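Structure file start_28.cif (mmCIF, C-alpha atoms) is printed below.
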data_coords
#
loop_
_atom_site.label_atom_id
_atom_site.label_comp_id
_atom_site.auth_asym_id
_atom_site.auth_seq_id
_atom_site.Cartn_x
_atom_site.Cartn_y
_atom_site.Cartn_z
CA MET A 10 15.48 -13.03 41.85
CA PHE A 11 16.70 -16.61 42.26
CA SER A 12 14.24 -17.06 45.12
CA SER A 13 11.36 -15.86 42.90
CA LEU A 14 12.30 -18.24 40.10
CA LEU A 15 12.52 -21.15 42.54
CA THR A 16 9.03 -20.38 43.87
CA LEU A 17 7.64 -20.26 40.32
CA VAL A 18 9.15 -23.65 39.45
CA LYS A 19 7.66 -25.20 42.59
CA GLU A 20 4.20 -23.96 41.67
CA MET A 21 4.28 -25.32 38.12
CA PRO A 22 2.03 -28.36 37.63
CA PRO A 23 3.38 -31.72 36.47
CA LYS A 24 3.76 -32.10 32.73
CA LYS A 25 1.00 -33.93 30.93
CA LYS A 26 0.32 -35.14 27.44
CA ALA A 27 -0.75 -32.44 25.02
CA ARG A 28 -4.04 -31.12 26.38
CA VAL A 29 -5.77 -33.70 28.43
CA SER A 30 -8.67 -33.01 30.69
CA LYS A 31 -10.43 -34.16 33.81
CA ARG A 32 -13.36 -31.89 33.23
CA ASN A 33 -17.04 -32.73 33.68
CA ALA A 34 -16.47 -36.42 33.09
CA GLY A 35 -19.59 -38.33 33.75
CA SER A 36 -22.44 -36.02 33.00
CA GLY A 37 -22.42 -36.60 29.28
CA LYS A 38 -22.58 -32.81 28.99
CA ASP A 39 -20.06 -30.33 27.68
CA ASP A 40 -19.77 -28.76 31.11
CA ASP A 41 -20.01 -30.02 34.68
CA ARG A 42 -21.65 -26.91 36.05
CA GLU A 43 -24.91 -27.93 37.60
CA PRO A 44 -27.91 -25.98 36.28
CA VAL A 45 -29.51 -23.71 38.84
CA SER A 46 -33.11 -22.62 38.43
CA PRO A 47 -34.01 -18.91 38.87
CA ALA A 48 -36.08 -19.89 41.92
CA LEU A 49 -33.11 -21.65 43.51
CA LYS A 50 -30.88 -18.65 42.81
CA LYS A 51 -33.37 -16.43 44.65
CA ARG A 52 -33.46 -18.79 47.62
CA LYS A 53 -29.67 -18.86 47.72
CA ALA A 54 -29.54 -15.09 47.56
CA ALA A 55 -32.02 -14.80 50.40
CA THR A 56 -29.95 -17.07 52.65
CA SER A 57 -26.49 -15.77 51.69
CA GLY A 58 -26.86 -12.03 51.81
CA GLY A 59 -27.45 -11.77 48.08
CA LYS A 60 -24.40 -13.77 47.05
CA THR A 61 -25.06 -16.55 44.54
CA ASP A 62 -21.51 -17.37 43.43
CA GLU A 63 -18.73 -19.62 44.66
CA SER A 64 -18.76 -18.08 48.12
CA SER A 65 -20.87 -20.97 49.38
CA ALA A 66 -18.59 -21.84 52.26
CA SER A 67 -17.30 -25.26 53.07
CA SER A 68 -16.99 -24.31 56.74
CA GLY A 69 -19.15 -26.54 58.87
CA SER A 70 -19.47 -29.12 56.10
CA PRO A 71 -18.44 -32.74 56.73
CA GLN A 72 -14.76 -33.51 56.34
CA TYR A 73 -13.91 -36.45 54.09
CA SER A 74 -10.73 -38.42 53.51
CA ARG A 75 -11.72 -40.57 50.52
CA TRP A 76 -12.82 -39.49 47.05
CA LEU A 77 -14.15 -40.47 43.64
CA MET A 78 -12.93 -38.45 40.64
CA LYS A 79 -14.37 -38.77 37.15
CA SER A 80 -12.61 -38.52 33.82
CA GLU A 81 -13.30 -39.52 30.24
CA PRO A 82 -11.26 -42.43 28.85
CA GLU A 83 -12.64 -42.12 25.30
CA SER A 84 -11.86 -39.40 22.77
CA ARG A 85 -14.17 -36.39 22.74
CA PHE A 86 -13.23 -33.16 21.04
CA GLU A 87 -13.92 -29.65 22.30
CA ASN A 88 -12.84 -26.82 20.03
CA GLY A 89 -10.66 -29.28 18.15
CA ILE A 90 -8.96 -30.54 21.31
CA ASP A 91 -9.29 -34.11 22.55
CA VAL A 92 -10.25 -34.03 26.23
CA LYS A 93 -9.68 -37.78 26.71
CA PHE A 94 -7.88 -38.76 29.91
CA GLY A 95 -8.21 -42.29 31.26
CA ILE A 96 -6.32 -44.11 33.98
CA GLU A 97 -3.91 -45.54 31.39
CA ASP A 98 -3.02 -41.97 30.41
CA LEU A 99 -2.22 -41.15 34.04
CA LYS A 100 -0.19 -44.33 34.39
CA ALA A 101 1.89 -43.43 31.32
CA LEU A 102 2.92 -39.96 32.56
CA PRO A 103 6.27 -39.16 34.21
CA ASP A 104 6.11 -40.26 37.86
CA GLN A 105 2.58 -41.42 36.97
CA THR A 106 1.47 -38.01 38.24
CA SER A 107 -0.80 -35.29 36.82
CA CYS A 108 -2.57 -32.13 37.85
CA TRP A 109 -6.37 -32.59 37.94
CA ASP A 110 -7.36 -29.45 36.09
CA GLY A 111 -10.48 -28.15 34.38
CA VAL A 112 -13.02 -28.59 37.20
CA ARG A 113 -15.60 -25.85 36.71
CA ASN A 114 -18.18 -26.66 39.34
CA TYR A 115 -18.02 -24.87 42.67
CA GLN A 116 -19.04 -27.83 44.82
CA ALA A 117 -16.55 -30.13 43.08
CA ARG A 118 -13.88 -27.44 43.48
CA ASN A 119 -14.66 -27.09 47.19
CA PHE A 120 -14.26 -30.83 47.65
CA MET A 121 -10.82 -30.64 46.02
CA ARG A 122 -9.92 -27.85 48.43
CA GLN A 123 -10.67 -30.26 51.29
CA MET A 124 -8.27 -32.90 49.97
CA LYS A 125 -5.13 -33.66 51.94
CA GLU A 126 -1.85 -35.09 50.71
CA GLY A 127 -1.81 -38.87 50.99
CA GLN A 128 -5.58 -39.38 50.72
CA LEU A 129 -6.88 -41.93 48.22
CA ALA A 130 -9.38 -41.53 45.39
CA PHE A 131 -11.05 -43.87 42.96
CA PHE A 132 -10.35 -43.08 39.28
CA TYR A 133 -13.79 -43.32 37.68
CA HIS A 134 -14.19 -43.70 33.93
CA SER A 135 -17.20 -41.73 32.79
CA ASN A 136 -19.07 -40.60 29.69
CA CYS A 137 -18.03 -43.83 27.97
CA LYS A 138 -19.45 -47.16 26.83
CA GLU A 139 -19.05 -48.75 30.25
CA PRO A 140 -18.62 -46.25 33.10
CA GLY A 141 -17.19 -47.43 36.37
CA ILE A 142 -14.24 -47.51 38.75
CA ALA A 143 -10.97 -48.39 37.02
CA GLY A 144 -8.32 -47.85 39.68
CA ILE A 145 -6.96 -46.00 42.68
CA MET A 146 -4.84 -42.88 42.84
CA LYS A 147 -3.36 -40.76 45.63
CA ILE A 148 -3.49 -37.02 46.28
CA VAL A 149 0.14 -35.87 46.17
CA LYS A 150 -0.33 -32.09 46.16
CA GLU A 151 -3.11 -30.16 47.86
CA ALA A 152 -5.27 -27.58 46.10
CA TYR A 153 -3.59 -24.74 44.24
CA VAL A 154 -4.53 -22.37 41.41
CA ASP A 155 -5.70 -24.05 38.19
CA HIS A 156 -3.68 -22.27 35.50
CA THR A 157 -6.03 -23.35 32.67
CA GLN A 158 -8.64 -20.80 33.75
CA PHE A 159 -6.37 -18.00 32.43
CA ASP A 160 -5.32 -19.68 29.17
CA ARG A 161 -7.41 -18.36 26.28
CA LYS A 162 -6.39 -21.33 24.13
CA ASP A 163 -7.52 -23.85 26.73
CA VAL A 164 -11.00 -25.41 26.59
CA HIS A 165 -11.38 -24.55 30.28
CA TYR A 166 -10.62 -20.84 29.93
CA ASP A 167 -12.81 -18.69 32.20
CA ALA A 168 -12.90 -15.03 31.25
CA THR A 169 -14.59 -14.14 34.54
CA SER A 170 -11.70 -15.43 36.65
CA LYS A 171 -8.90 -12.99 37.48
CA PRO A 172 -5.28 -13.74 38.44
CA ASP A 173 -5.61 -11.67 41.60
CA ASP A 174 -8.83 -13.49 42.53
CA PRO A 175 -8.80 -16.95 40.88
CA LYS A 176 -11.98 -19.00 41.00
CA TRP A 177 -10.69 -22.46 40.24
CA SER A 178 -8.32 -24.88 41.94
CA MET A 179 -6.72 -28.22 41.13
CA VAL A 180 -4.77 -30.93 42.93
CA ASP A 181 -2.04 -33.31 41.81
CA VAL A 182 -2.78 -37.03 41.73
CA GLN A 183 -0.55 -40.06 41.34
CA TYR A 184 -1.47 -43.47 39.96
CA GLN A 185 -1.47 -46.23 42.57
CA ARG A 186 -2.93 -49.31 40.92
CA MET A 187 -5.67 -50.72 38.74
CA MET A 188 -8.63 -52.35 40.42
CA LYS A 189 -8.33 -56.13 40.51
CA ARG A 190 -11.41 -56.05 38.33
CA PHE A 191 -13.25 -53.13 36.76
CA LEU A 192 -16.29 -52.17 38.86
CA PRO A 193 -19.03 -51.03 36.47
CA LEU A 194 -21.63 -48.44 37.36
CA SER A 195 -24.37 -51.01 36.74
CA GLU A 196 -23.04 -53.23 39.53
CA LEU A 197 -22.54 -50.34 41.94
CA LYS A 198 -26.11 -49.22 41.28
CA LYS A 199 -27.45 -52.67 42.23
CA TYR A 200 -25.67 -52.46 45.58
CA HIS A 201 -26.93 -48.90 46.03
CA LEU A 202 -30.54 -50.01 45.51
CA GLN A 203 -30.07 -52.99 47.84
CA HIS A 204 -28.54 -50.83 50.55
CA ARG A 205 -31.16 -48.13 50.17
CA ALA A 206 -33.90 -50.73 50.71
CA LYS A 207 -32.27 -52.78 53.47
CA GLY A 208 -29.45 -50.62 54.79
CA GLY A 209 -25.79 -50.66 53.84
CA PRO A 210 -22.74 -48.47 53.09
CA LEU A 211 -23.81 -47.36 49.60
CA LYS A 212 -27.37 -46.23 50.43
CA ASP A 213 -26.41 -42.52 50.27
CA MET A 214 -23.44 -42.72 47.91
CA ALA A 215 -22.90 -39.43 46.06
CA LEU A 216 -22.48 -41.27 42.76
CA PHE A 217 -26.26 -41.75 42.86
CA THR A 218 -27.45 -38.82 44.98
CA ARG A 219 -25.20 -36.16 43.38
CA ALA A 220 -24.47 -37.96 40.13
CA ARG A 221 -23.36 -34.98 38.03
CA LEU A 222 -20.46 -33.96 40.26
CA SER A 223 -17.10 -34.82 38.72
CA VAL A 224 -15.39 -34.81 42.13
CA GLN A 225 -17.28 -36.60 44.89
CA PRO A 226 -16.64 -37.42 48.54
CA LEU A 227 -16.77 -40.94 49.94
CA THR A 228 -17.12 -42.06 53.51
CA THR A 229 -14.55 -44.53 54.78
CA GLU A 230 -17.29 -47.18 54.86
CA GLU A 231 -18.23 -46.52 51.22
CA PHE A 232 -14.61 -46.64 50.08
CA ASP A 233 -13.81 -49.83 51.98
CA PHE A 234 -16.96 -51.60 50.82
CA ILE A 235 -16.30 -50.74 47.16
CA ARG A 236 -12.70 -51.91 47.45
CA SER A 237 -13.92 -55.20 48.93
CA LEU A 238 -15.91 -55.84 45.74
CA GLU A 239 -12.64 -56.47 43.88
CA ASP A 240 -12.43 -59.89 45.48
CA LYS A 241 -16.07 -60.83 44.88
CA GLU A 242 -17.77 -62.20 41.82
CA PRO A 243 -19.86 -59.62 39.90
CA LEU A 244 -23.52 -59.44 40.85
#
In structure tokens, what does this structure look like?
Amino acid sequence: MFSSLLTLVKEMPPKKKARVSKRNAGSGKDDDREPVSPALKKRKAATSGGKTDESSASSGSPQYSRWLMKSEPESRFENGIDVKFGIEDLKALPDQTSCWDGVRNYQARNFMRQMKEGQLAFFYHSNCKEPGIAGIMKIVKEAYVDHTQFDRKDVHYDATSKPDDPKWSMVDVQYQRMMKRFLPLSELKKYHLQHRAKGGPLKDMALFTRARLSVQPLTTEEFDFIRSLEDKEPL
């Protein structure tokens, strides 16, 4: 019995402020699930043996070691609950650590399942007056079951997910530092357009090619180039 209790304690996520969320930040929508047209569903079914759900495998997909994760730094209420969670909220938590819960997009979830302890991610402020990269955090616990999918009182409750076959995962992240200067989306977009026209690290950046994803992969070149912008004057 003691062994069972110890296992349960180990699996409990870090404590957070009363109901914060990392969900869907960035799309300006109430949900980060990407809309799928009926035609696309049929094509997926034809190429996956009739399966159109989360079983889209990550096997064979590129492996990444750097990430960009979106969250909303300004108050927004869902069912009476404020889903605000900015980098200052992460910084203020015990051990400056939080579980990154509430992701309800299969591709974003699959990216989190690729994450390894010690990898770095940009904390991106989204769905706000000035979106952009605010700081850097570190993955400190690899993907495990997101408990919010089973909580009927939680804004991320998913009635279709079952405890014996959970759909959704989360990771734990820890604050590392603020950027030396905030890197706004508008500036990053200028570099993206330059690099797309003339070549450069940001020409295929997911922030612009898969903009609605709340969890996005970065190549080492993309991550290093963006970090180098801290020491440059804004465009």
**OP:** Skip Arg122 in chain A itself and residues of its chain fewer than 3 positions away, then list as a count of residues only all residues within 8 Å of it, counting only C-alpha atoms.
**Re:** 6
Subject >> Non-local contacts of Phe132 in chain A (8 Å; only C-alpha atoms; under 4 positions in same chain excluded) as a PyMOL selection string >> reply: chain A and resi 77-80+96+142-146
**OP:** Do a neighbour search on Gln105 in chain A at 9 Å with only C-alpha atoms, toss out local chain neighbours closer than 3 positions, and write the hits as a PyMOL selection string.
**Re:** chain A and resi 98-102+182-185
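Put simply, CA of Glu231 in chain A is 23.5 Å away from CA of Lys150 in chain A.
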Original post:
Mind pulling up the distance from CA of Phe159 in chain A to CA of Ala220 in chain A?
Top reply: 28.0 Å
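Distance check against Glu81 in chain A using all atoms listed in the file: of A:Val112, A:Ala117, A:Cys137, A:Leu202, the minimum falls on A:Cys137.
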Show me, as a PDB file with C-alpha atoms, keeping the file's coordinate frame, the residues that have an atom within 8 Å of Trp177 in chain A when counting all atoms listed in the file, minus same-chain residues fewer than 4 positions from it.
ATOM      1  CA  VAL A 112     -13.020 -28.590  37.200  1.00  0.00           C
ATOM      2  CA  ARG A 113     -15.600 -25.850  36.710  1.00  0.00           C
ATOM      3  CA  ARG A 118     -13.880 -27.440  43.480  1.00  0.00           C
ATOM      4  CA  VAL A 154      -4.530 -22.370  41.410  1.00  0.00           C
ATOM      5  CA  ASP A 155      -5.700 -24.050  38.190  1.00  0.00           C
ATOM      6  CA  GLN A 158      -8.640 -20.800  33.750  1.00  0.00           C
ATOM      7  CA  SER A 170     -11.700 -15.430  36.650  1.00  0.00           C
TER       8      SER A 170
END
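CA of Thr157 in chain A lies 11.8 Å from CA of Lys171 in chain A.
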Output the residue selection produced by the PyMOL selection byres ((chain A and resi 107) around 6) on the file above, formatted as a CSV table (one decimal) with C-alpha atoms, in the frame of the given file.
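Output (selection.csv):
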chain,number,residue,atom,x,y,z
A,23,PRO,CA,3.4,-31.7,36.5
A,106,THR,CA,1.5,-38.0,38.2
A,108,CYS,CA,-2.6,-32.1,37.8
A,181,ASP,CA,-2.0,-33.3,41.8
A,182,VAL,CA,-2.8,-37.0,41.7
Original post:
Exactly which residues make up the result of the PyMOL selection byres ((chain A and resi 125) around 12) on this file, given as an MDAnalysis selection string?
Top reply: chainID A and resid 72:76 120:124 126:130 147:153 180:182
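Restricting the calculation to only C-alpha atoms, the smallest distance between Lys189 in chain A and any of A:Asn114, A:Pro71, A:Ser135, A:Leu238 is found for A:Leu238.
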**OP:** In the coordinates of the file, take the point (-8.7, -37.1, 21.3) and a cut-off of 10 Å; then, counting only C-alpha atoms, name each qualifying protein, DNA or RNA residue as number ranges by chain.
**Re:** A: 27-29, 82-87, 89-94
Original post:
Got a sec to check which residues sit within 7 Å of (-19.9, -40.7, 46.7), counting only C-alpha atoms, and write them as a VMD selection string?
Top reply: chain A and resid 77 214 to 216 225 to 227
Got time to write the residues from that selection, C-alpha atoms, as a PDB file, in the coordinates of the input?
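What ended up in again22.pdb:
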ATOM      1  CA  LEU A  77     -14.150 -40.470  43.640  1.00  0.00           C
ATOM      2  CA  MET A 214     -23.440 -42.720  47.910  1.00  0.00           C
ATOM      3  CA  ALA A 215     -22.900 -39.430  46.060  1.00  0.00           C
ATOM      4  CA  LEU A 216     -22.480 -41.270  42.760  1.00  0.00           C
ATOM      5  CA  GLN A 225     -17.280 -36.600  44.890  1.00  0.00           C
ATOM      6  CA  PRO A 226     -16.640 -37.420  48.540  1.00  0.00           C
ATOM      7  CA  LEU A 227     -16.770 -40.940  49.940  1.00  0.00           C
TER       8      LEU A 227
END
**OP:** Run through the PyMOL selection byres ((chain A and resi 193) around 9) on the given coordinates and return the selected residues as a PyMOL selection string.
**Re:** chain A and resi 139-143+191-192+194-198
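Proximity of A:Gln116, A:Glu242, A:Asp160, A:Arg186 to Ser223 in chain A, computed with only C-alpha atoms, is greatest for A:Gln116.
Nearest to Asp110 in chain A of all the residues A:Asp163, A:Asp233, A:Asp173, A:Asp213 is A:Asp163, counting only C-alpha atoms.
Shortest separation to Tyr115 in chain A among A:Arg161, A:Tyr133, A:Leu222, A:His204 occurs at residue A:Leu222, atoms counted being all atoms listed in the file.
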